[in-house]
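Student: Pasting a structure below so you can have a look.
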Amino acid sequence: MIGGEALVRSLVASGVDVVFANPGTSEMHFVATLHAVPEMRGVLALFEGVATGAADGYARMRESPAAVLLHLGPGLGNGLANLHNARRSRAPVVAIVGDHATYHRRYDAPLESDIDTVARNVSTWIKRSLGAEDAGADAVAAVVAACGPPGQVATLILPADVSWSEGGSVAAPAQRRGRATVTPDRLGAVAAALRSGENAALLLGGGALTARGMHAASRIAGATGAELLVETFPARVERGAGIPVIQRLAYLAEMAAGQLDGLRHLILVDTKSPVSFFAYPGKPSDLVPDGCEVLVLADGGDDAVAALESLASGLGAGTEPAMSDPPRPERPDGELGAESIARAIGALLPEGAIVSDEANTSGTFLPTFTASAPRHDWLTLTGGSIGQGLPVAVGAAIACPDRPVLALEADGSALYTLQALWTMVREQLDVTTVIFSNRRYAILRMELARVGATASGQRALQMLDISPPEIDFVAIAQGLGVPATRPERAETFAADLARAFAEPGPHLIEAVIPSLF
C-alpha cells in the first residue's frame with residue numbers, strides 16, 4: 001500500500017472522513033486515493049482560504065476534525081488567514097500540506113519554501129512524514145493532536161515520494177483525551193469570590209456556551225447576583241427560545257471597559273482575560289479594571305459545563321430565575337436597512353438554523369431581534385481575519401446536512417472568499433447568503449477616527465470605500481450558479497428570505513443598505 005492510501009485510510013479509521021482541498025501536483029497520489037477509499041469525502045474549493053475556513057466551520061459544528069489538503073508552502077500561505085481564525089476558535093483541524101519529494105528539495109525548485117515556518121504561525125503540532133511506513137501513524141497522531149483538548153490546528157507535511165512509495169499500512173486509531181474535571185480547590189476559590197458580596201462577573205466562552213452551560217450560569221447569577229457576559233467573538237454559541245440571553249462583551253474597548261467597570265472579581269469560564277482588540281493612543285490594552293481579581297474556573301482543556309453545574313450545586317443555587325422570551329419580531333416593511341434586515345431574520349429564522357455571522361458593522365441589531373427565534377447556533381469571526389463567513393458556512397452545511405445555514409456577510413469581507421459560492425453549488429448545500437452591501441469598509445472608517453489618525457481627507461477615505469466601481473453581487477452569484485436577488489424594500493427582502501429558506505440549495509440576497517458608520 002502506498003503512503004498516500006495508508007494516510008487516507010488511517011484518517012478514516014480515526015473518524016476523519018471529509019477533506020476540503022485545493023490540491024496540486026505534490027498531492028496527486030492523495031487525490032487518486034479518494035477513488036479507492038470512498039469513505040473519505042473530497043470537497044473541492046477554488047481557493048485555499050475557502051478550504052481552510054470550511055474545515056473550521058465543519059469542526060465547530062461536529063466537534064471533530066476535518067482535514068484540509070493544501071499545495072506546498074504557497075498553498076498553506078493562501079489558507080493561513082482562516083487557519084488563524086480556526087486556531088482562535090480552537091477548532092480541531094488536520095492540515096495536510098504536500099511537499100516536494102524528499103530528494104527534490106535540495107534543487108530549490110520554484111515552489112520550494114520553508115513550510116514548517118509558515119505552519120508555525122497557526123499550528124502548535126507540526127510533523128513531516130519521513131517514509132511511507134510512517135504515513136498512517138503520523139495521520140493518527142495528527143488527529144489526536146488536533147482534538148486536544150483544546151482543539152488546535154495540527155499540520156502534517158507529506159512529501160510527494162512518501163505519498164507515492166510502497167510500504168504504508170493503516171494505523172489503529174489512538175485514544176483521544178477527554179476534558180479534565182475542574183479541581184475542588186478551584187471550585188472553592190471561585191465560590192468564595194462569589195459569596196464575598198463584592199461585584200463579580202462570569203465571562204463565558206468556548207465549551208461553556210451550550211444551553212446547559214448557560215442555564216447553569218444563570219442559576220449561579222440568580223443565587224449570587226453575579227453578572228454574566230459572553231466573550232466578544234465566540235466560536236459557537238447556542239441561542240434562541242428557552243436559552244438565557246447573555247450579553248456579549250463589546251468589541252469597542254471603551255464599551256467593554258464600561259461593562260466591566262466596578263468589578264472586584266472576574267471569573268473566566270473557558271475564555272481568556274479580556275484585552276482591547278487593537279491598541280489605541282492613550283487607552284489601556286488590558287480591559288480588566290484596576291483592583292479586580294481574575295479567577296479561572298475552567299480553561300480550554302476542562303469540562304466547562306460540568307464545572308458550571310458543580311459550582312451551581314456547591315453554591316446551593318436552585319432552579320434558575322423564571323425567564324420569558326421576548327416576542328419574535330413581525331416581518332418588516334418600509335425602507336431596507338440593517339435594522340429591518342435583522343427584524344426579518346428574527347421573524348423567519350428556521351428551527352435548528354446555523355448562522356455564520358460576518359455582518360460586521362451591519363450586524364448591530366441582530367442579537368436583539370434573533371434572541372427569541374427558534375433554537376439555533378451562532379458562529380462568529382473568532383480571529384478577526386475577515387473572509388471567514390462564507391467558507392465557515394460551507395463547512396457547517398457539510399457537517400450538518402439536515403440543518404439550514406444562513407451566512408450573514410459584509411460586502412467587503414465577502415470579496416475575500418467569494419469562491420465559496422461555487423462550492424455551495426457544486427455540493428448543493430442548503431446555504432442562504434445575505435450580503436450587506438454598504439459599498440465600503442465601514443469598520444475602517446470608524447477605526448480611522450478611533451486611532452486618532454488626522455489624515456482623513458478624501459484621498460484617505462477612498463482607501464476605505466469599495467465603490468466605485470459598484471460590485472454586482474447578483475451577477476457574480478448567478479455567474480457561479482447561485483440564484484440571487486436584490487430586493488429594494490424590507491417586505492421584499494423578507495419574502496426573498498422566506499423563499500430561500502423554503503427551497504433547497506444555495507441562494508444569495510444582496511441587500512444594498514446605508515452604512516451605519
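The chains in the C-alpha cells are called A, B, ... from first to last as shown; in each chain the residues are counted from 1, and the ligands are counted from 1 in the order shown.
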Show which residues sit within 10 Å of Ile2 of chain A, as number ranges by chain. Count only C-alpha atoms, and ignore same-chain residues fewer than 4 positions away.
Tutor: A: 6-7, 29-30, 33, 132-133, 135, 161-169
Student: Using all heavy atoms, can you write the selected residues to a file as a compact mmCIF listing (two decimals), in the first residue's frame?
Tutor:
# COMPACT_ATOMS: atom_id res chain seq x y z
N ALA A 6 -2.35 4.80 2.77
CA ALA A 6 -2.28 4.49 4.19
C ALA A 6 -2.71 5.68 5.02
O ALA A 6 -3.42 5.54 6.03
CB ALA A 6 -0.86 4.07 4.56
N LEU A 7 -2.31 6.86 4.59
CA LEU A 7 -2.68 8.07 5.32
C LEU A 7 -4.19 8.29 5.27
O LEU A 7 -4.84 8.53 6.30
CB LEU A 7 -1.94 9.28 4.72
CG LEU A 7 -2.12 10.61 5.43
CD1 LEU A 7 -0.84 11.42 5.41
CD2 LEU A 7 -3.24 11.44 4.79
N HIS A 29 -1.26 11.84 -5.56
CA HIS A 29 -1.49 10.47 -5.10
C HIS A 29 -2.52 10.44 -3.96
O HIS A 29 -3.28 9.47 -3.84
CB HIS A 29 -0.17 9.83 -4.67
CG HIS A 29 0.68 9.42 -5.83
ND1 HIS A 29 1.46 10.33 -6.51
CD2 HIS A 29 0.83 8.23 -6.47
CE1 HIS A 29 2.08 9.71 -7.50
NE2 HIS A 29 1.71 8.44 -7.51
N PHE A 30 -2.58 11.48 -3.15
CA PHE A 30 -3.64 11.60 -2.16
C PHE A 30 -4.99 11.70 -2.87
O PHE A 30 -5.94 10.99 -2.53
CB PHE A 30 -3.39 12.85 -1.30
CG PHE A 30 -4.37 13.03 -0.17
CD1 PHE A 30 -3.94 12.91 1.15
CD2 PHE A 30 -5.70 13.36 -0.39
CE1 PHE A 30 -4.83 13.08 2.21
CE2 PHE A 30 -6.60 13.55 0.65
CZ PHE A 30 -6.16 13.41 1.95
N THR A 33 -6.21 8.49 -4.40
CA THR A 33 -6.65 7.54 -3.40
C THR A 33 -8.13 7.71 -3.05
O THR A 33 -8.78 6.76 -2.58
CB THR A 33 -5.78 7.68 -2.13
OG1 THR A 33 -4.43 7.33 -2.46
CG2 THR A 33 -6.25 6.80 -1.00
N ALA A 132 6.92 6.17 3.68
CA ALA A 132 5.57 5.62 3.51
C ALA A 132 5.15 4.82 4.73
O ALA A 132 3.97 4.81 5.10
CB ALA A 132 5.53 4.75 2.25
N GLU A 133 6.12 4.16 5.36
CA GLU A 133 5.80 3.34 6.53
C GLU A 133 5.34 4.18 7.73
O GLU A 133 4.76 3.66 8.68
CB GLU A 133 7.00 2.49 6.93
CG GLU A 133 8.22 3.25 7.41
CD GLU A 133 9.10 3.80 6.28
OE1 GLU A 133 8.70 3.70 5.10
OE2 GLU A 133 10.19 4.31 6.59
N ALA A 135 3.40 7.11 7.31
CA ALA A 135 2.29 7.99 6.95
C ALA A 135 1.02 7.70 7.75
O ALA A 135 0.35 8.63 8.23
CB ALA A 135 2.00 7.88 5.45
N ASP A 161 7.10 11.82 -2.49
CA ASP A 161 7.58 10.45 -2.61
C ASP A 161 7.12 9.58 -1.43
O ASP A 161 6.98 8.36 -1.57
CB ASP A 161 9.10 10.40 -2.76
CG ASP A 161 9.86 11.11 -1.67
OD1 ASP A 161 9.28 12.02 -1.05
OD2 ASP A 161 11.03 10.78 -1.42
N VAL A 162 6.87 10.20 -0.28
CA VAL A 162 6.27 9.45 0.83
C VAL A 162 4.87 8.99 0.44
O VAL A 162 4.45 7.87 0.73
CB VAL A 162 6.22 10.30 2.11
CG1 VAL A 162 5.40 9.63 3.20
CG2 VAL A 162 7.64 10.59 2.61
N SER A 163 4.17 9.86 -0.28
CA SER A 163 2.80 9.55 -0.69
C SER A 163 2.77 8.46 -1.75
O SER A 163 1.92 7.56 -1.70
CB SER A 163 2.12 10.81 -1.21
OG SER A 163 0.75 10.61 -1.42
N TRP A 164 3.71 8.47 -2.70
CA TRP A 164 3.62 7.51 -3.81
C TRP A 164 4.38 6.19 -3.56
O TRP A 164 4.21 5.23 -4.30
CB TRP A 164 4.06 8.13 -5.12
CG TRP A 164 5.53 8.39 -5.36
CD1 TRP A 164 6.56 7.52 -5.21
CD2 TRP A 164 6.10 9.61 -5.85
NE1 TRP A 164 7.74 8.10 -5.57
CE2 TRP A 164 7.50 9.39 -5.98
CE3 TRP A 164 5.61 10.85 -6.22
CZ2 TRP A 164 8.38 10.37 -6.42
CZ3 TRP A 164 6.48 11.82 -6.67
CH2 TRP A 164 7.84 11.59 -6.76
N SER A 165 5.21 6.14 -2.54
CA SER A 165 6.03 4.95 -2.30
C SER A 165 5.23 3.85 -1.61
O SER A 165 4.31 4.10 -0.83
CB SER A 165 7.25 5.30 -1.44
OG SER A 165 8.08 6.20 -2.14
N GLU A 166 5.62 2.60 -1.90
CA GLU A 166 5.01 1.45 -1.23
C GLU A 166 5.57 1.31 0.19
O GLU A 166 6.61 1.87 0.53
CB GLU A 166 5.32 0.17 -2.02
CG GLU A 166 4.68 0.12 -3.40
CD GLU A 166 3.17 -0.10 -3.33
OE1 GLU A 166 2.68 -0.54 -2.26
OE2 GLU A 166 2.48 0.15 -4.35
N GLY A 167 4.86 0.55 1.01
CA GLY A 167 5.32 0.29 2.37
C GLY A 167 4.43 0.86 3.44
O GLY A 167 4.70 0.70 4.63
N GLY A 168 3.33 1.50 3.05
CA GLY A 168 2.43 2.07 4.03
C GLY A 168 1.49 1.04 4.63
O GLY A 168 1.24 -0.02 4.03
N SER A 169 0.97 1.34 5.80
CA SER A 169 -0.02 0.47 6.44
C SER A 169 -0.98 1.34 7.24
O SER A 169 -0.63 2.44 7.68
CB SER A 169 0.66 -0.56 7.36
OG SER A 169 1.39 0.09 8.38
Student: Mind checking which residues fall within 12 Å of Asp472 of chain A, counting only C-alpha atoms, ignoring those fewer than 6 positions away in the same chain, and posting them as a list in words?
Tutor: Asp411, Leu415, Ile435, Ser437, Arg439, Ile466, Gln478, Gly479, Ala484, Thr485, Arg486, Leu508, Ile509, Glu510, Ala511 and Val512 of chain A
Student: Enumerate as a ChimeraX atom specification all residues of segment 8-46 of chain A assigned to alpha helix (DSSP H) by DSSP on the backbone, naming them with the chain letters and numbers the document uses.
Tutor: /A:8-13,28-36
Student: Using N, CA and C atoms, can you export the residues from the last selection as a PDB file, in the first residue's frame?
Tutor:
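Saved the output as again.pdb:
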ATOM      1  N   VAL A   8      -4.795   8.186   4.082  1.00  0.00           N
ATOM      2  CA  VAL A   8      -6.231   8.434   3.948  1.00  0.00           C
ATOM      3  C   VAL A   8      -7.023   7.387   4.729  1.00  0.00           C
ATOM      4  N   ARG A   9      -6.645   6.127   4.615  1.00  0.00           N
ATOM      5  CA  ARG A   9      -7.369   5.075   5.333  1.00  0.00           C
ATOM      6  C   ARG A   9      -7.207   5.239   6.855  1.00  0.00           C
ATOM      7  N   SER A  10      -6.075   5.715   7.299  1.00  0.00           N
ATOM      8  CA  SER A  10      -5.859   5.931   8.733  1.00  0.00           C
ATOM      9  C   SER A  10      -6.690   7.099   9.237  1.00  0.00           C
ATOM     10  N   LEU A  11      -6.826   8.138   8.418  1.00  0.00           N
ATOM     11  CA  LEU A  11      -7.698   9.250   8.793  1.00  0.00           C
ATOM     12  C   LEU A  11      -9.134   8.771   8.969  1.00  0.00           C
ATOM     13  N   VAL A  12      -9.619   7.988   8.010  1.00  0.00           N
ATOM     14  CA  VAL A  12     -10.992   7.480   8.077  1.00  0.00           C
ATOM     15  C   VAL A  12     -11.178   6.618   9.320  1.00  0.00           C
ATOM     16  N   ALA A  13     -10.201   5.753   9.598  1.00  0.00           N
ATOM     17  CA  ALA A  13     -10.288   4.892  10.781  1.00  0.00           C
ATOM     18  C   ALA A  13     -10.342   5.706  12.063  1.00  0.00           C
ATOM     19  N   MET A  28      -1.188  14.652  -5.814  1.00  0.00           N
ATOM     20  CA  MET A  28      -1.974  13.863  -6.748  1.00  0.00           C
ATOM     21  C   MET A  28      -2.218  12.433  -6.268  1.00  0.00           C
ATOM     22  N   HIS A  29      -1.261  11.843  -5.563  1.00  0.00           N
ATOM     23  CA  HIS A  29      -1.487  10.474  -5.097  1.00  0.00           C
ATOM     24  C   HIS A  29      -2.518  10.439  -3.963  1.00  0.00           C
ATOM     25  N   PHE A  30      -2.577  11.479  -3.154  1.00  0.00           N
ATOM     26  CA  PHE A  30      -3.642  11.602  -2.163  1.00  0.00           C
ATOM     27  C   PHE A  30      -4.990  11.698  -2.875  1.00  0.00           C
ATOM     28  N   VAL A  31      -5.065  12.558  -3.890  1.00  0.00           N
ATOM     29  CA  VAL A  31      -6.311  12.747  -4.629  1.00  0.00           C
ATOM     30  C   VAL A  31      -6.745  11.435  -5.292  1.00  0.00           C
ATOM     31  N   ALA A  32      -5.798  10.744  -5.924  1.00  0.00           N
ATOM     32  CA  ALA A  32      -6.133   9.494  -6.602  1.00  0.00           C
ATOM     33  C   ALA A  32      -6.674   8.458  -5.633  1.00  0.00           C
ATOM     34  N   THR A  33      -6.210   8.495  -4.398  1.00  0.00           N
ATOM     35  CA  THR A  33      -6.654   7.536  -3.395  1.00  0.00           C
ATOM     36  C   THR A  33      -8.131   7.706  -3.046  1.00  0.00           C
ATOM     37  N   LEU A  34      -8.695   8.896  -3.269  1.00  0.00           N
ATOM     38  CA  LEU A  34     -10.098   9.127  -2.930  1.00  0.00           C
ATOM     39  C   LEU A  34     -11.028   8.181  -3.697  1.00  0.00           C
ATOM     40  N   HIS A  35     -10.605   7.715  -4.858  1.00  0.00           N
ATOM     41  CA  HIS A  35     -11.416   6.747  -5.602  1.00  0.00           C
ATOM     42  C   HIS A  35     -11.390   5.383  -4.926  1.00  0.00           C
ATOM     43  N   ALA A  36     -10.246   5.030  -4.377  1.00  0.00           N
ATOM     44  CA  ALA A  36     -10.103   3.718  -3.727  1.00  0.00           C
ATOM     45  C   ALA A  36     -10.687   3.714  -2.311  1.00  0.00           C
TER      46      ALA A  36
END
Student: Which of these, A:Ala45, A:Ala250, A:Ala67, A:Ala189, has the shortest distance to Thr423 of chain A once you count only C-alpha atoms?
Tutor: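 Of the candidates, the smallest distance to Thr423 of chain A is held by A:Ala45.
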Student: Show which residues sit within 12 Å of Ala226 of chain A, as a list in words. Count only C-alpha atoms, and ignore same-chain residues fewer than 5 positions away.
Tutor: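 In the requested format, the answer is Val190, Ala191, Ala193, Leu194, Arg195, Ser196, Gly197, Glu198, Asn199, Ala200, Ala201, Leu202, Leu203, Ala217, Ser218, Arg219, Ile220, Ala221, Leu260, Leu263, Arg264, His265, Leu266 and Ile267 of chain A.
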Student: List as a tab-separated table every residue of segment 136-227 of chain A that is in contact with segment 269-288 of chain A, defined as an atom at most 9 Å from one of its atoms (using only C-alpha atoms), together with the nearest atom pair and the distance in Å rounded to one decimal, sorted by chain and then rising number.
Tutor:
residue	atom	partner	partner_atom	distance
A:Leu202	CA	A:Val269	CA	6.9
A:Leu203	CA	A:Val269	CA	6.0
A:Leu204	CA	A:Val269	CA	4.9
A:Gly205	CA	A:Thr271	CA	4.8
A:Gly206	CA	A:Asp270	CA	5.4
A:Gly207	CA	A:Asp270	CA	6.6
A:Ala208	CA	A:Asp270	CA	6.6
Student: Name the residues in contact with Ser372 of chain A at a cut-off of 9 Å, using only C-alpha atoms, excluding same-chain residues fewer than 2 positions from it; report them as a PDB file with N, CA, C and O atoms, in the first residue's frame.
Tutor:
ATOM      1  N   ARG A 239     -28.321  29.581  20.898  1.00  0.00           N
ATOM      2  CA  ARG A 239     -29.180  30.725  21.175  1.00  0.00           C
ATOM      3  C   ARG A 239     -30.625  30.350  20.872  1.00  0.00           C
ATOM      4  O   ARG A 239     -30.909  29.300  20.328  1.00  0.00           O
ATOM      5  N   GLY A 240     -31.509  31.281  21.205  1.00  0.00           N
ATOM      6  CA  GLY A 240     -32.897  31.138  20.804  1.00  0.00           C
ATOM      7  C   GLY A 240     -33.824  30.882  21.966  1.00  0.00           C
ATOM      8  O   GLY A 240     -33.449  30.963  23.148  1.00  0.00           O
ATOM      9  N   ALA A 241     -35.067  30.585  21.643  1.00  0.00           N
ATOM     10  CA  ALA A 241     -36.136  30.452  22.628  1.00  0.00           C
ATOM     11  C   ALA A 241     -35.768  29.459  23.720  1.00  0.00           C
ATOM     12  O   ALA A 241     -35.283  28.362  23.444  1.00  0.00           O
ATOM     13  N   GLY A 242     -35.981  29.854  24.969  1.00  0.00           N
ATOM     14  CA  GLY A 242     -35.732  28.987  26.101  1.00  0.00           C
ATOM     15  C   GLY A 242     -34.313  28.997  26.617  1.00  0.00           C
ATOM     16  O   GLY A 242     -34.016  28.351  27.620  1.00  0.00           O
ATOM     17  N   ILE A 243     -33.400  29.716  25.949  1.00  0.00           N
ATOM     18  CA  ILE A 243     -32.000  29.800  26.380  1.00  0.00           C
ATOM     19  C   ILE A 243     -31.777  31.193  26.954  1.00  0.00           C
ATOM     20  O   ILE A 243     -32.197  32.194  26.359  1.00  0.00           O
ATOM     21  N   VAL A 245     -30.612  34.784  27.647  1.00  0.00           N
ATOM     22  CA  VAL A 245     -29.982  35.791  26.788  1.00  0.00           C
ATOM     23  C   VAL A 245     -28.860  36.442  27.595  1.00  0.00           C
ATOM     24  O   VAL A 245     -29.123  37.112  28.600  1.00  0.00           O
ATOM     25  N   ASP A 325     -39.317  34.581  27.041  1.00  0.00           N
ATOM     26  CA  ASP A 325     -38.723  35.028  25.785  1.00  0.00           C
ATOM     27  C   ASP A 325     -39.452  36.266  25.278  1.00  0.00           C
ATOM     28  O   ASP A 325     -40.688  36.331  25.329  1.00  0.00           O
ATOM     29  N   PRO A 326     -38.707  37.247  24.772  1.00  0.00           N
ATOM     30  CA  PRO A 326     -39.382  38.378  24.139  1.00  0.00           C
ATOM     31  C   PRO A 326     -40.119  37.891  22.899  1.00  0.00           C
ATOM     32  O   PRO A 326     -39.766  36.855  22.310  1.00  0.00           O
ATOM     33  N   PRO A 327     -41.167  38.582  22.493  1.00  0.00           N
ATOM     34  CA  PRO A 327     -41.901  38.151  21.298  1.00  0.00           C
ATOM     35  C   PRO A 327     -41.013  38.241  20.049  1.00  0.00           C
ATOM     36  O   PRO A 327     -40.148  39.118  19.945  1.00  0.00           O
ATOM     37  N   ARG A 328     -41.210  37.307  19.117  1.00  0.00           N
ATOM     38  CA  ARG A 328     -40.490  37.393  17.842  1.00  0.00           C
ATOM     39  C   ARG A 328     -40.953  38.625  17.077  1.00  0.00           C
ATOM     40  O   ARG A 328     -42.138  38.989  17.121  1.00  0.00           O
ATOM     41  N   PRO A 329     -40.071  39.289  16.388  1.00  0.00           N
ATOM     42  CA  PRO A 329     -40.488  40.459  15.619  1.00  0.00           C
ATOM     43  C   PRO A 329     -41.395  40.063  14.457  1.00  0.00           C
ATOM     44  O   PRO A 329     -41.348  38.927  13.964  1.00  0.00           O
ATOM     45  N   GLY A 346     -34.992  37.686  12.390  1.00  0.00           N
ATOM     46  CA  GLY A 346     -35.601  37.253  13.640  1.00  0.00           C
ATOM     47  C   GLY A 346     -36.979  36.656  13.448  1.00  0.00           C
ATOM     48  O   GLY A 346     -37.364  35.713  14.144  1.00  0.00           O
ATOM     49  N   THR A 368     -30.439  41.441  19.186  1.00  0.00           N
ATOM     50  CA  THR A 368     -31.722  41.800  19.796  1.00  0.00           C
ATOM     51  C   THR A 368     -32.882  41.092  19.115  1.00  0.00           C
ATOM     52  O   THR A 368     -33.754  40.502  19.779  1.00  0.00           O
ATOM     53  N   PHE A 369     -32.907  41.109  17.792  1.00  0.00           N
ATOM     54  CA  PHE A 369     -34.084  40.633  17.065  1.00  0.00           C
ATOM     55  C   PHE A 369     -34.085  39.127  16.824  1.00  0.00           C
ATOM     56  O   PHE A 369     -35.086  38.578  16.361  1.00  0.00           O
ATOM     57  N   THR A 370     -32.983  38.439  17.135  1.00  0.00           N
ATOM     58  CA  THR A 370     -32.953  36.978  16.961  1.00  0.00           C
ATOM     59  C   THR A 370     -32.979  36.227  18.292  1.00  0.00           C
ATOM     60  O   THR A 370     -32.968  35.001  18.304  1.00  0.00           O
ATOM     61  N   PRO A 374     -36.481  30.480  17.016  1.00  0.00           N
ATOM     62  CA  PRO A 374     -36.285  29.071  17.393  1.00  0.00           C
ATOM     63  C   PRO A 374     -34.802  28.773  17.612  1.00  0.00           C
ATOM     64  O   PRO A 374     -33.927  29.469  17.084  1.00  0.00           O
ATOM     65  N   ARG A 375     -34.519  27.741  18.360  1.00  0.00           N
ATOM     66  CA  ARG A 375     -33.131  27.463  18.740  1.00  0.00           C
ATOM     67  C   ARG A 375     -32.229  27.319  17.519  1.00  0.00           C
ATOM     68  O   ARG A 375     -32.597  26.696  16.526  1.00  0.00           O
TER      69      ARG A 375
END
Student: Go through A:Gly412, A:Pro234, A:Pro184, A:Gly314 one by one, measure the shortest atom-to-atom distance of each to Asp465 of chain A using only C-alpha atoms, and give the residue with the smallest value.
Tutor: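 Smallest distance to Asp465 of chain A is found for A:Gly412.
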Student: Report, in Å with one decimal, the straight-line distance from atom CA of Gln259 of chain A to atom CA of Ala317 of chain A.
Tutor: 24.5 Å
Student: Figure out the distance between atom CA of Ala174 of chain A and atom CA of Lys127 of chain A, please, to one decimal in Å.
Tutor: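 It comes out at 16.8 Å.
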